[in-house]
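Source file target-v8.txt; content: compact mmCIF, C-alpha atoms and all ligand atoms.
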# COMPACT_ATOMS: atom_id res chain seq x y z
CA MET O 1096 0.00 0.00 0.00
CA THR O 1097 1.18 3.45 -0.79
CA LYS O 1098 2.65 5.33 2.16
CA LEU O 1099 0.31 7.85 3.78
CA LEU O 1100 2.72 10.77 3.24
CA MET O 1101 2.99 10.02 -0.48
CA ARG O 1102 -0.80 9.83 -0.78
CA ALA O 1103 -1.26 13.29 0.76
CA LEU O 1104 1.49 14.67 -1.50
CA ALA O 1105 -0.32 13.21 -4.51
CA GLY O 1106 -3.36 15.29 -3.51
CA GLU O 1107 -5.45 12.66 -1.76
CA VAL O 1108 -7.79 13.87 0.99
CA LEU O 1109 -7.30 11.48 3.91
CA ARG O 1110 -9.45 10.87 6.96
CA VAL O 1111 -6.33 10.87 9.16
CA PRO O 1112 -3.43 13.03 7.90
CA PRO O 1113 0.13 11.72 7.87
CA ILE O 1114 2.18 13.24 10.69
CA TRP O 1115 5.84 14.08 11.25
CA MET O 1116 7.60 16.90 13.04
CA MET O 1117 10.35 19.37 12.13
CA ARG O 1118 13.48 18.65 14.25
CA GLN O 1119 11.89 15.39 15.37
CA ALA O 1120 15.41 14.04 15.97
CA GLY O 1121 16.76 16.48 18.50
CA ARG O 1122 17.77 17.52 21.98
CA TYR O 1123 14.33 17.03 23.57
CA LEU O 1124 15.02 13.26 23.27
CA PRO O 1125 17.43 11.69 25.80
CA GLU O 1126 18.40 9.01 23.25
CA TYR O 1127 19.42 11.79 20.80
CA ARG O 1128 21.60 13.45 23.43
CA ALA O 1129 23.28 10.12 24.17
CA THR O 1130 24.07 9.41 20.50
CA ARG O 1131 25.29 12.99 19.97
CA ALA O 1132 27.66 12.56 22.94
CA GLN O 1133 28.88 9.28 21.43
CA ALA O 1134 29.58 11.06 18.11
CA GLY O 1135 31.49 13.88 19.90
CA ASP O 1136 29.55 16.88 18.64
CA PHE O 1137 26.73 17.90 16.29
CA LEU O 1138 28.81 18.11 13.09
CA LYS O 1139 30.54 14.79 13.76
CA LEU O 1140 27.07 13.31 14.20
CA CYS O 1141 25.97 14.73 10.81
CA TYR O 1142 29.00 13.19 9.07
CA ASN O 1143 28.76 9.76 10.76
CA PRO O 1144 26.32 7.74 8.59
CA GLU O 1145 25.63 4.99 11.15
CA LEU O 1146 24.96 7.43 14.00
CA ALA O 1147 23.07 9.94 11.81
CA ALA O 1148 20.83 7.09 10.64
CA GLU O 1149 20.41 6.01 14.26
CA VAL O 1150 19.16 9.44 15.42
CA THR O 1151 16.88 9.66 12.37
CA LEU O 1152 15.31 6.35 13.41
CA GLN O 1153 14.92 7.20 17.12
CA PRO O 1154 11.71 9.28 16.80
CA ILE O 1155 10.28 6.71 14.36
CA ARG O 1156 10.79 3.93 16.92
CA ARG O 1157 9.50 5.99 19.83
CA PHE O 1158 6.47 7.64 18.17
CA GLY O 1159 5.76 5.85 14.85
CA PHE O 1160 5.75 9.01 12.69
CA ASP O 1161 4.65 8.58 9.06
CA ALA O 1162 7.88 10.12 7.78
CA ALA O 1163 11.54 10.27 8.74
CA ILE O 1164 13.66 13.29 7.81
CA LEU O 1165 17.32 12.73 7.05
CA PHE O 1166 19.49 13.93 9.92
CA ALA O 1167 21.86 16.59 8.59
CA ASP O 1168 21.92 20.40 8.44
CA ILE O 1169 21.29 23.08 5.81
CA LEU O 1170 24.77 24.53 6.52
CA LEU O 1171 26.60 21.45 5.22
CA VAL O 1172 26.17 22.84 1.68
CA PRO O 1173 28.13 26.06 2.41
CA GLN O 1174 30.75 23.92 4.11
CA ALA O 1175 30.99 21.70 1.01
CA LEU O 1176 31.34 24.88 -1.09
CA GLY O 1177 34.41 25.76 1.00
CA ALA O 1178 33.12 27.83 3.93
CA ASP O 1179 34.50 27.16 7.41
CA LEU O 1180 31.68 25.95 9.69
CA TRP O 1181 31.54 25.30 13.41
CA PHE O 1182 28.92 25.41 16.16
CA GLU O 1183 29.40 27.51 19.29
CA ASN O 1184 27.93 25.66 22.26
CA GLY O 1185 24.52 27.03 23.16
CA GLU O 1186 24.83 29.83 20.58
CA GLY O 1187 24.44 28.21 17.16
CA PRO O 1188 26.36 28.15 13.90
CA ARG O 1189 29.40 30.20 12.91
CA LEU O 1190 30.79 30.41 9.36
CA SER O 1191 33.47 32.30 7.49
CA THR O 1192 31.79 35.29 5.80
CA ILE O 1193 31.29 36.37 2.19
CA THR O 1194 31.30 40.13 1.85
CA GLY O 1195 32.21 40.68 -1.82
CA PRO O 1196 33.37 39.16 -5.12
CA GLU O 1197 36.58 37.64 -3.64
CA GLY O 1198 34.59 35.49 -1.26
CA LEU O 1199 32.41 34.31 -4.11
CA ARG O 1200 35.39 33.48 -6.34
CA ALA O 1201 36.90 31.30 -3.60
CA LEU O 1202 33.88 28.96 -3.55
CA LYS O 1203 34.06 25.51 -5.09
CA GLY O 1204 31.92 24.48 -8.05
CA GLN O 1205 28.75 22.42 -7.79
CA ASP O 1206 30.51 19.29 -9.00
CA ASP O 1207 33.18 19.47 -6.27
CA ILE O 1208 30.83 19.20 -3.30
CA HIS O 1209 30.21 15.46 -3.30
CA ASP O 1210 33.44 14.29 -1.61
CA ARG O 1211 32.51 16.24 1.49
CA LEU O 1212 28.81 15.29 1.30
CA ALA O 1213 29.32 11.58 0.54
CA PRO O 1214 28.58 10.55 4.17
CA ILE O 1215 25.15 12.22 3.90
CA TYR O 1216 24.31 10.12 0.85
CA GLU O 1217 25.43 7.04 2.79
CA THR O 1218 23.06 7.98 5.65
CA VAL O 1219 20.22 8.12 3.11
CA ARG O 1220 21.14 4.67 1.76
CA ILE O 1221 21.15 3.17 5.27
CA LEU O 1222 17.76 4.75 6.04
CA ALA O 1223 16.23 3.55 2.76
CA ARG O 1224 17.15 0.02 3.88
CA GLU O 1225 16.22 0.25 7.55
CA LEU O 1226 13.03 2.33 7.75
CA PRO O 1227 9.72 0.53 8.32
CA ALA O 1228 7.85 -0.16 5.05
CA ASP O 1229 5.15 2.45 5.74
CA THR O 1230 7.53 5.30 6.74
CA ALA O 1231 8.47 7.76 3.99
CA LEU O 1232 12.02 9.17 3.79
CA ILE O 1233 12.38 12.95 3.36
CA GLY O 1234 15.64 14.52 2.18
CA PHE O 1235 16.22 18.26 2.47
CA ALA O 1236 18.33 21.32 1.85
CA GLY O 1237 18.14 24.99 2.73
CA ALA O 1238 16.71 27.33 0.11
CA PRO O 1239 19.34 29.66 -1.41
CA TRP O 1240 18.22 32.85 0.37
CA THR O 1241 18.32 31.29 3.85
CA VAL O 1242 21.65 29.56 3.18
CA ALA O 1243 23.08 32.81 1.78
CA THR O 1244 22.04 34.76 4.90
CA TYR O 1245 24.34 32.50 6.96
CA MET O 1246 27.16 32.60 4.36
CA ILE O 1247 27.12 36.40 4.30
CA ALA O 1248 26.71 37.11 8.05
CA GLY O 1249 28.67 34.10 9.28
CA ARG O 1250 25.93 33.36 11.82
CA GLY O 1251 22.19 33.51 12.44
CA THR O 1252 20.86 37.08 12.49
CA PRO O 1253 17.51 38.36 13.81
CA ASP O 1254 16.74 40.49 10.73
CA GLN O 1255 19.16 39.09 8.11
CA GLY O 1256 20.68 42.59 7.99
CA PRO O 1257 24.07 41.72 6.44
CA ALA O 1258 22.41 39.74 3.61
CA HIS O 1259 19.99 42.58 2.86
CA LEU O 1260 22.93 44.99 2.86
CA LEU O 1261 24.90 42.97 0.29
CA LYS O 1262 21.74 42.47 -1.80
CA ASN O 1263 21.21 46.23 -1.93
CA ALA O 1264 24.85 47.34 -2.21
CA ASP O 1265 26.29 44.72 -4.59
CA ARG O 1266 23.40 43.05 -6.37
CA GLU O 1267 25.73 41.30 -8.83
CA THR O 1268 27.72 39.47 -6.15
CA PHE O 1269 24.59 38.70 -4.17
CA SER O 1270 22.71 37.26 -7.17
CA ALA O 1271 25.75 35.23 -8.20
CA LEU O 1272 25.92 33.78 -4.66
CA ILE O 1273 22.24 32.81 -4.81
CA ASP O 1274 22.91 31.13 -8.18
CA ARG O 1275 25.93 29.22 -6.85
CA VAL O 1276 23.96 27.93 -3.87
CA ALA O 1277 21.02 26.98 -6.13
CA GLU O 1278 23.33 25.03 -8.47
CA ALA O 1279 24.96 23.15 -5.58
CA THR O 1280 21.54 22.45 -4.04
CA ILE O 1281 20.26 20.87 -7.26
CA GLU O 1282 23.23 18.45 -7.29
CA TYR O 1283 22.98 17.76 -3.54
CA LEU O 1284 19.25 16.96 -3.61
CA SER O 1285 19.58 14.96 -6.81
CA MET O 1286 22.16 12.77 -5.05
CA GLN O 1287 19.88 12.37 -2.01
CA ILE O 1288 17.08 11.22 -4.32
CA SER O 1289 19.36 8.78 -6.15
CA ALA O 1290 20.40 7.39 -2.74
CA GLY O 1291 16.77 6.77 -1.71
CA ALA O 1292 15.04 9.97 -0.56
CA GLU O 1293 11.39 9.72 -1.66
CA VAL O 1294 10.48 13.37 -1.02
CA VAL O 1295 12.63 16.47 -0.64
CA LYS O 1296 11.97 19.64 1.31
CA LEU O 1297 13.45 23.12 0.85
CA PHE O 1298 13.74 25.10 4.11
CA ASP O 1299 13.56 28.86 3.57
CA SER O 1300 13.48 29.84 7.23
CA TRP O 1301 14.10 33.54 6.56
CA ALA O 1302 11.81 33.98 3.52
CA GLY O 1303 9.62 36.28 5.62
CA SER O 1304 12.19 39.09 5.57
CA LEU O 1305 12.06 39.34 1.77
CA LYS O 1306 9.41 41.87 0.70
CA GLY O 1307 7.85 42.83 -2.62
CA ALA O 1308 10.00 42.18 -5.69
CA ASP O 1309 12.77 40.77 -3.47
CA PHE O 1310 10.42 37.94 -2.46
CA ASP O 1311 9.80 37.08 -6.13
CA ASP O 1312 13.50 37.35 -7.04
CA PHE O 1313 15.04 35.50 -4.10
CA ALA O 1314 12.35 33.36 -2.41
CA VAL O 1315 10.35 32.32 -5.49
CA ALA O 1316 12.78 32.30 -8.44
CA PRO O 1317 15.67 30.23 -6.97
CA VAL O 1318 13.22 27.71 -5.47
CA LYS O 1319 11.47 27.44 -8.84
CA ARG O 1320 14.84 26.90 -10.53
CA ILE O 1321 15.75 24.06 -8.13
CA ILE O 1322 12.33 22.42 -8.44
CA THR O 1323 12.33 22.67 -12.25
CA ALA O 1324 15.76 21.01 -12.45
CA LEU O 1325 14.83 18.25 -9.98
CA LYS O 1326 11.50 17.55 -11.71
CA ALA O 1327 13.35 17.13 -15.04
CA ARG O 1328 15.71 14.57 -13.49
CA HIS O 1329 13.35 12.86 -11.03
CA PRO O 1330 9.81 13.41 -12.32
CA GLY O 1331 7.96 11.34 -9.70
CA VAL O 1332 9.58 12.81 -6.59
CA PRO O 1333 7.38 15.29 -4.69
CA ILE O 1334 8.86 18.49 -3.31
CA ILE O 1335 7.77 20.42 -0.20
CA ALA O 1336 8.64 24.13 -0.01
CA PHE O 1337 8.73 26.01 3.30
CA PRO O 1338 8.93 29.80 2.78
CA ARG O 1339 8.60 30.44 6.50
CA GLU O 1340 6.66 33.54 7.59
CA ALA O 1341 5.83 34.37 3.96
CA GLY O 1342 2.32 35.51 4.99
CA ALA O 1343 0.50 36.59 1.82
CA GLY O 1344 3.49 35.18 -0.09
CA TYR O 1345 2.16 31.69 0.69
CA ILE O 1346 -0.75 32.37 -1.68
CA GLY O 1347 0.11 30.92 -5.10
CA PHE O 1348 3.58 29.78 -3.96
CA ALA O 1349 3.02 26.21 -5.17
CA ALA O 1350 1.89 27.33 -8.63
CA LYS O 1351 4.75 29.84 -8.95
CA THR O 1352 7.50 27.38 -7.96
CA GLY O 1353 6.12 23.97 -8.99
CA ALA O 1354 6.17 22.69 -5.38
CA ASP O 1355 3.81 19.79 -4.63
CA CYS O 1356 3.18 21.00 -1.08
CA VAL O 1357 3.65 24.26 0.81
CA ALA O 1358 4.57 24.08 4.48
CA VAL O 1359 3.11 26.92 6.54
CA ASP O 1360 4.33 28.25 9.89
CA ASN O 1361 2.06 29.09 12.82
CA SER O 1362 2.02 32.86 12.26
CA VAL O 1363 -0.98 32.19 9.99
CA SER O 1364 -4.17 30.53 11.22
CA PRO O 1365 -5.01 27.06 9.91
CA GLU O 1366 -8.38 28.38 8.69
CA TRP O 1367 -6.67 31.11 6.65
CA ALA O 1368 -4.14 28.64 5.22
CA ALA O 1369 -6.91 26.19 4.34
CA ALA O 1370 -8.85 28.89 2.48
CA GLU O 1371 -5.92 30.61 0.77
CA VAL O 1372 -3.17 28.03 0.31
CA GLN O 1373 -4.78 24.58 0.42
CA LYS O 1374 -7.15 25.55 -2.41
CA SER O 1375 -4.15 25.06 -4.74
CA GLY O 1376 -2.84 21.79 -3.25
CA CYS O 1377 -1.32 19.96 -0.31
CA VAL O 1378 -0.45 22.00 2.78
CA GLN O 1379 1.83 20.97 5.64
CA GLY O 1380 1.51 22.42 9.12
CA ASN O 1381 0.97 24.21 11.41
CA LEU O 1382 0.63 23.56 15.16
CA ALA O 1383 2.62 26.04 17.28
CA PRO O 1384 5.76 24.27 18.61
CA GLY O 1385 5.16 25.80 22.05
CA HIS O 1386 2.42 23.22 22.63
CA MET O 1387 5.16 20.56 22.78
CA VAL O 1388 6.39 22.37 25.92
CA SER O 1389 3.07 23.32 27.55
CA GLY O 1390 0.91 20.28 26.63
CA GLY O 1391 -2.45 19.68 28.31
CA GLN O 1392 -5.97 20.34 27.06
CA GLU O 1393 -4.76 23.39 25.09
CA LEU O 1394 -2.51 21.14 23.02
CA VAL O 1395 -5.38 18.73 22.36
CA GLU O 1396 -7.72 21.52 21.26
CA ALA O 1397 -5.11 23.25 19.10
CA ALA O 1398 -4.20 19.98 17.36
CA GLN O 1399 -7.88 19.21 16.74
CA ARG O 1400 -8.36 22.69 15.31
CA VAL O 1401 -5.50 22.14 12.82
CA VAL O 1402 -6.89 18.76 11.75
CA ARG O 1403 -10.42 20.19 11.39
CA ALA O 1404 -9.32 23.27 9.44
CA PHE O 1405 -7.41 21.24 6.85
CA ALA O 1406 -9.81 18.26 6.67
CA GLY O 1407 -11.30 19.34 3.33
CA GLY O 1408 -8.09 18.99 1.32
CA PRO O 1409 -4.70 17.24 1.20
CA HIS O 1410 -2.83 17.85 4.46
CA ILE O 1411 0.33 16.73 6.25
CA PHE O 1412 0.18 17.40 9.98
CA ASN O 1413 3.32 19.10 11.33
CA LEU O 1414 4.44 21.87 13.65
CA GLY O 1415 4.77 25.43 12.35
CA HIS O 1416 8.54 25.29 13.06
CA GLY O 1417 10.99 22.93 14.75
CA ILE O 1418 10.35 21.36 18.16
CA THR O 1419 12.49 23.03 20.84
CA PRO O 1420 14.96 21.35 23.25
CA ASP O 1421 12.72 22.08 26.28
CA ALA O 1422 9.77 20.10 24.82
CA ASP O 1423 8.34 17.12 26.70
CA PRO O 1424 8.29 13.85 24.66
CA ASP O 1425 4.98 12.96 26.37
CA ASN O 1426 3.38 15.97 24.65
CA VAL O 1427 4.56 14.65 21.28
CA ALA O 1428 2.84 11.35 22.04
CA LEU O 1429 -0.33 13.23 23.05
CA MET O 1430 -0.27 15.24 19.80
CA ILE O 1431 0.00 12.06 17.70
CA GLU O 1432 -2.75 10.33 19.68
CA THR O 1433 -5.02 13.37 19.19
CA VAL O 1434 -4.39 13.62 15.44
CA ARG O 1435 -4.93 9.90 14.86
CA ALA O 1436 -8.03 9.63 17.11
O1 LIG O 1501 14.20 18.27 11.18
C1 LIG O 1501 15.04 17.37 11.43
O2 LIG O 1501 14.94 16.63 12.45
C2 LIG O 1501 16.15 17.10 10.45
C3 LIG O 1501 17.42 17.68 10.75
C4 LIG O 1501 17.60 19.17 10.65
C5 LIG O 1501 18.47 19.89 11.50
N1 LIG O 1501 18.55 21.17 11.06
C6 LIG O 1501 19.20 19.32 12.63
C7 LIG O 1501 19.76 20.22 13.66
C8 LIG O 1501 17.08 20.08 9.73
C9 LIG O 1501 16.03 19.88 8.65
C10 LIG O 1501 17.70 21.35 10.00
C11 LIG O 1501 17.44 22.56 9.19
C12 LIG O 1501 18.07 23.82 9.58
N2 LIG O 1501 19.30 24.02 10.10
C13 LIG O 1501 17.47 25.07 9.35
C14 LIG O 1501 16.15 25.32 8.68
C15 LIG O 1501 14.98 24.99 9.56
C16 LIG O 1501 14.82 25.91 10.72
O3 LIG O 1501 14.97 25.41 11.87
O4 LIG O 1501 14.50 27.08 10.53
C17 LIG O 1501 18.36 26.05 9.83
C18 LIG O 1501 18.13 27.55 9.83
C19 LIG O 1501 19.53 25.37 10.29
C20 LIG O 1501 20.78 25.96 10.82
C21 LIG O 1501 20.99 25.58 12.22
N3 LIG O 1501 21.35 24.32 12.65
C22 LIG O 1501 20.87 26.39 13.36
C23 LIG O 1501 20.45 27.86 13.35
C24 LIG O 1501 21.16 25.60 14.47
C25 LIG O 1501 21.29 26.06 15.91
C26 LIG O 1501 19.97 26.24 16.54
C27 LIG O 1501 19.69 25.09 17.46
O5 LIG O 1501 18.57 24.56 17.44
O6 LIG O 1501 20.59 24.77 18.24
C28 LIG O 1501 21.42 24.29 14.01
C29 LIG O 1501 21.73 23.11 14.82
C30 LIG O 1501 20.89 21.88 14.65
N4 LIG O 1501 20.47 21.39 13.45
C31 LIG O 1501 20.45 21.01 15.68
C32 LIG O 1501 19.75 19.97 15.07
C33 LIG O 1501 19.15 18.77 15.74
C34 LIG O 1501 20.79 21.16 17.16
C35 LIG O 1501 22.23 20.81 17.30
C36 LIG O 1501 22.58 20.09 18.57
O7 LIG O 1501 22.32 18.89 18.72
O8 LIG O 1501 23.20 20.75 19.42

Is it possible to express this structure as structure tokens?
Ligand code: CP3
Amino acid sequence: MTKLLMRALAGEVLRVPPIWMMRQAGRYLPEYRATRAQAGDFLKLCYNPELAAEVTLQPIRRFGFDAAILFADILLVPQALGADLWFENGEGPRLSTITGPEGLRALKGQDDIHDRLAPIYETVRILARELPADTALIGFAGAPWTVATYMIAGRGTPDQGPAHLLKNADRETFSALIDRVAEATIEYLSMQISAGAEVVKLFDSWAGSLKGADFDDFAVAPVKRIITALKARHPGVPIIAFPREAGAGYIGFAAKTGADCVAVDNSVSPEWAAAEVQKSGCVQGNLAPGHMVSGGQELVEAAQRVVRAFAGGPHIFNLGHGITPDADPDNVALMIETVRA
């Protein structure tokens, strides 16, 4: 029987939606923390295929989600392009910065990334073998704008200021960087698909800070380019796009980019997303991740509201953003029980 996630992505309206969770392998799980300690640190875990496959499988074993997402990070692509990457404990990622044409020239080409990324493809192959027969395997990458914001600033930024500055001051360098990331991302995702990923997702976490024509040029166009190239090479593989906090930009995003499903964050109501986004196809989302910390009757009611709002069309149940380290695994179990009841 076809996997539930694939049925929703094909446009089927299901009585019970498939369910998975962004960052489902993560620090809220004691078994994740133990495997991460065994690997040494987060990046060593990403590049260790056996242990990366193990942490990918942990939430599947514990909760029986309908999909597993490859354990890796969107910043492995900049690293494969030649950027230095490290994680400061408790603070997040740090990278070498790109501030002008020299930085761009120093980057590797899209065909030179695979040596570094080979362990990720091996993780996908292990997962394709070891996942339960009804669990779908999702591969992923960052969308070019979000990846570029980290490559330019060298870290996460609240308003993506340095990336906006380069975009406005040196459009040529900025656009060329977006193109280089898009080209590498096409090759990276194509390799994940060849290794066994059945679906791929593009995370554009900072899409919401692109306004007006910038949204069309840097949140829509590069994602469309990646999807068009992947569809030509792998016609049957569905693609989920997540232009987080796009607001009105969610409307028509699937048609503009060719995505099979649009993931929505919890800054929009499920009723609004059902009316405005789901009318053109599958929607993923959008329970507020805070419910995984607070739990209780409010979690139950909020999860029921999401299910009810999206019941008239194809829907994948998910959080509006990643689960946080302070979440209680019991609340995850309660969410799944509520959605499947
Ligand atoms: O969803 C999954 O379970 C799959 C694995 C995954 C990770 N990161 C693992 C991770 C995915 C899909 C990502 C995507 C990612 N990475 C995004 C886009 C989605 C989003 O959250 O907006 C971004 C912006 C990154 C970059 C990144 N990686 C940041 C900013 C951080 C630090 C913040 C944090 O939560 O600590 C990471 C680290 C990271 N990536 C962790 C995990 C499980 C935590 C690392 C740890 O174990 O210490």

| task | Point out the residue among O:Ala1436, O:Ile1233, O:Leu1429, O:Ala1324 with the least atom-to-atom distance to Glu1293 in chain O, counting only C-alpha atoms. | result |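 Comparing O:Ala1436, O:Ile1233, O:Leu1429, O:Ala1324 against Glu1293 in chain O, the winner is O:Ile1233.
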
List all protein, DNA and RNA residues that have at least one atom no more than 8 Å from any atom of ligand LIG 1501 (chain O), counting all atoms listed in the file, and write them as a PDB file with C-alpha atoms, in the frame of the given file.
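Now in selection.pdb:
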ATOM      1  CA  MET O1116       7.600  16.900  13.040  1.00  0.00           C
ATOM      2  CA  MET O1117      10.350  19.370  12.130  1.00  0.00           C
ATOM      3  CA  ARG O1118      13.480  18.650  14.250  1.00  0.00           C
ATOM      4  CA  GLN O1119      11.890  15.390  15.370  1.00  0.00           C
ATOM      5  CA  ALA O1120      15.410  14.040  15.970  1.00  0.00           C
ATOM      6  CA  GLY O1121      16.760  16.480  18.500  1.00  0.00           C
ATOM      7  CA  ARG O1122      17.770  17.520  21.980  1.00  0.00           C
ATOM      8  CA  TYR O1127      19.420  11.790  20.800  1.00  0.00           C
ATOM      9  CA  ARG O1128      21.600  13.450  23.430  1.00  0.00           C
ATOM     10  CA  ARG O1131      25.290  12.990  19.970  1.00  0.00           C
ATOM     11  CA  ASP O1136      29.550  16.880  18.640  1.00  0.00           C
ATOM     12  CA  PHE O1137      26.730  17.900  16.290  1.00  0.00           C
ATOM     13  CA  THR O1151      16.880   9.660  12.370  1.00  0.00           C
ATOM     14  CA  ILE O1164      13.660  13.290   7.810  1.00  0.00           C
ATOM     15  CA  LEU O1165      17.320  12.730   7.050  1.00  0.00           C
ATOM     16  CA  PHE O1166      19.490  13.930   9.920  1.00  0.00           C
ATOM     17  CA  ALA O1167      21.860  16.590   8.590  1.00  0.00           C
ATOM     18  CA  ASP O1168      21.920  20.400   8.440  1.00  0.00           C
ATOM     19  CA  ILE O1169      21.290  23.080   5.810  1.00  0.00           C
ATOM     20  CA  LEU O1170      24.770  24.530   6.520  1.00  0.00           C
ATOM     21  CA  PHE O1182      28.920  25.410  16.160  1.00  0.00           C
ATOM     22  CA  ASN O1184      27.930  25.660  22.260  1.00  0.00           C
ATOM     23  CA  GLY O1185      24.520  27.030  23.160  1.00  0.00           C
ATOM     24  CA  GLU O1186      24.830  29.830  20.580  1.00  0.00           C
ATOM     25  CA  GLY O1187      24.440  28.210  17.160  1.00  0.00           C
ATOM     26  CA  PRO O1188      26.360  28.150  13.900  1.00  0.00           C
ATOM     27  CA  PHE O1235      16.220  18.260   2.470  1.00  0.00           C
ATOM     28  CA  ALA O1236      18.330  21.320   1.850  1.00  0.00           C
ATOM     29  CA  GLY O1237      18.140  24.990   2.730  1.00  0.00           C
ATOM     30  CA  THR O1241      18.320  31.290   3.850  1.00  0.00           C
ATOM     31  CA  VAL O1242      21.650  29.560   3.180  1.00  0.00           C
ATOM     32  CA  ARG O1250      25.930  33.360  11.820  1.00  0.00           C
ATOM     33  CA  GLY O1251      22.190  33.510  12.440  1.00  0.00           C
ATOM     34  CA  PHE O1298      13.740  25.100   4.110  1.00  0.00           C
ATOM     35  CA  ASP O1299      13.560  28.860   3.570  1.00  0.00           C
ATOM     36  CA  SER O1300      13.480  29.840   7.230  1.00  0.00           C
ATOM     37  CA  TRP O1301      14.100  33.540   6.560  1.00  0.00           C
ATOM     38  CA  ARG O1339       8.600  30.440   6.500  1.00  0.00           C
ATOM     39  CA  HIS O1416       8.540  25.290  13.060  1.00  0.00           C
ATOM     40  CA  GLY O1417      10.990  22.930  14.750  1.00  0.00           C
ATOM     41  CA  THR O1419      12.490  23.030  20.840  1.00  0.00           C
ATOM     42  CA  PRO O1420      14.960  21.350  23.250  1.00  0.00           C
TER      43      PRO O1420
END

| said: as JSON, numbers by chain, please: the residues near Gly1234 in chain O (cut-off 12 Å, all atoms listed in the file, same-chain neighbours under 4 positions excluded). | reply: {"O": [1151, 1162, 1163, 1164, 1165, 1166, 1167, 1168, 1169, 1215, 1216, 1218, 1219, 1220, 1222, 1223, 1280, 1283, 1284, 1285, 1286, 1287, 1288, 1289, 1290, 1291, 1292, 1293, 1294, 1295, 1296, 1297, 1298, 1332, 1333, 1334, 1335]}

| With distances taken over all atoms listed in the file, which of O:Lys1098, O:Gly1303, O:Thr1230, O:Leu1202 is nearest to Pro1253 in chain O? |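 Ranking O:Lys1098, O:Gly1303, O:Thr1230, O:Leu1202 by distance to Pro1253 in chain O, first place goes to O:Gly1303.
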
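Among O:Ala1336, O:Val1434, O:Val1363, O:Ala1238, the residue with the shortest atom-to-atom distance to Phe1313 in chain O, counting all atoms listed in the file, is O:Ala1238.
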
| query | Which protein, DNA or RNA residues have an atom at most 6 Å from (1.4, 20.3, 3.2), counting all atoms listed in the file? List them as a PyMOL selection string. | reply | chain O and resi 1356-1358+1377-1379+1410-1411

| message | Show me, as a ChimeraX atom specification, the residues that have an atom within 12 Å of Gln1373 in chain O when counting all atoms listed in the file, minus same-chain residues fewer than 5 positions from it. | response | /O:1103-1104,1106,1108,1345-1350,1355-1359,1365-1368,1378-1380,1404-1411

Expected file: the selected residues, C-alpha atoms, as a CSV table (one decimal), in the coordinates of the input:
chain,number,residue,atom,x,y,z
O,1103,ALA,CA,-1.3,13.3,0.8
O,1104,LEU,CA,1.5,14.7,-1.5
O,1106,GLY,CA,-3.4,15.3,-3.5
O,1108,VAL,CA,-7.8,13.9,1.0
O,1345,TYR,CA,2.2,31.7,0.7
O,1346,ILE,CA,-0.8,32.4,-1.7
O,1347,GLY,CA,0.1,30.9,-5.1
O,1348,PHE,CA,3.6,29.8,-4.0
O,1349,ALA,CA,3.0,26.2,-5.2
O,1350,ALA,CA,1.9,27.3,-8.6
O,1355,ASP,CA,3.8,19.8,-4.6
O,1356,CYS,CA,3.2,21.0,-1.1
O,1357,VAL,CA,3.6,24.3,0.8
O,1358,ALA,CA,4.6,24.1,4.5
O,1359,VAL,CA,3.1,26.9,6.5
O,1365,PRO,CA,-5.0,27.1,9.9
O,1366,GLU,CA,-8.4,28.4,8.7
O,1367,TRP,CA,-6.7,31.1,6.6
O,1368,ALA,CA,-4.1,28.6,5.2
O,1378,VAL,CA,-0.4,22.0,2.8
O,1379,GLN,CA,1.8,21.0,5.6
O,1380,GLY,CA,1.5,22.4,9.1
O,1404,ALA,CA,-9.3,23.3,9.4
O,1405,PHE,CA,-7.4,21.2,6.8
O,1406,ALA,CA,-9.8,18.3,6.7
O,1407,GLY,CA,-11.3,19.3,3.3
O,1408,GLY,CA,-8.1,19.0,1.3
O,1409,PRO,CA,-4.7,17.2,1.2
O,1410,HIS,CA,-2.8,17.8,4.5
O,1411,ILE,CA,0.3,16.7,6.2

| Separation of CA of Pro1125 in chain O from CA of Val1150 in chain O, in Å and rounded to one decimal |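 Separating CA of Pro1125 in chain O from CA of Val1150 in chain O is a distance of 10.8 Å.
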
| query | Neighbours of Gly1390 in chain O within 9 Å (only C-alpha atoms; same-chain residues fewer than 2 positions away dropped), as JSON, numbers by chain? | reply | {"O": [1385, 1386, 1387, 1388, 1392, 1393, 1394, 1395, 1423, 1425, 1426, 1427, 1429, 1430]}

| field | Near-Ala1134 in chain O list (9 Å; only C-alpha atoms; drop same-chain fewer than 6 positions) as a PyMOL selection string | value | chain O and resi 1140-1141+1143+1146

Would you save the residues from that selection as an mmCIF file, in the frame of the given file, using C-alpha atoms?
data_model
loop_
_atom_site.group_PDB
_atom_site.id
_atom_site.type_symbol
_atom_site.label_atom_id
_atom_site.label_comp_id
_atom_site.auth_asym_id
_atom_site.auth_seq_id
_atom_site.Cartn_x
_atom_site.Cartn_y
_atom_site.Cartn_z
ATOM 1 C CA LEU O 1140 27.070 13.310 14.200
ATOM 2 C CA CYS O 1141 25.970 14.730 10.810
ATOM 3 C CA ASN O 1143 28.760 9.760 10.760
ATOM 4 C CA LEU O 1146 24.960 7.430 14.000
#

How big is the axis-aligned box around all listed atoms of range 1277-1294 of chain O once 6 Å goes on each side, and where's its centre, in Å to one decimal, as lines of an AutoDock Vina configuration file?
center_x = 17.7
center_y = 16.9
center_z = -4.5
size_x = 26.5
size_y = 32.2
size_z = 19.9
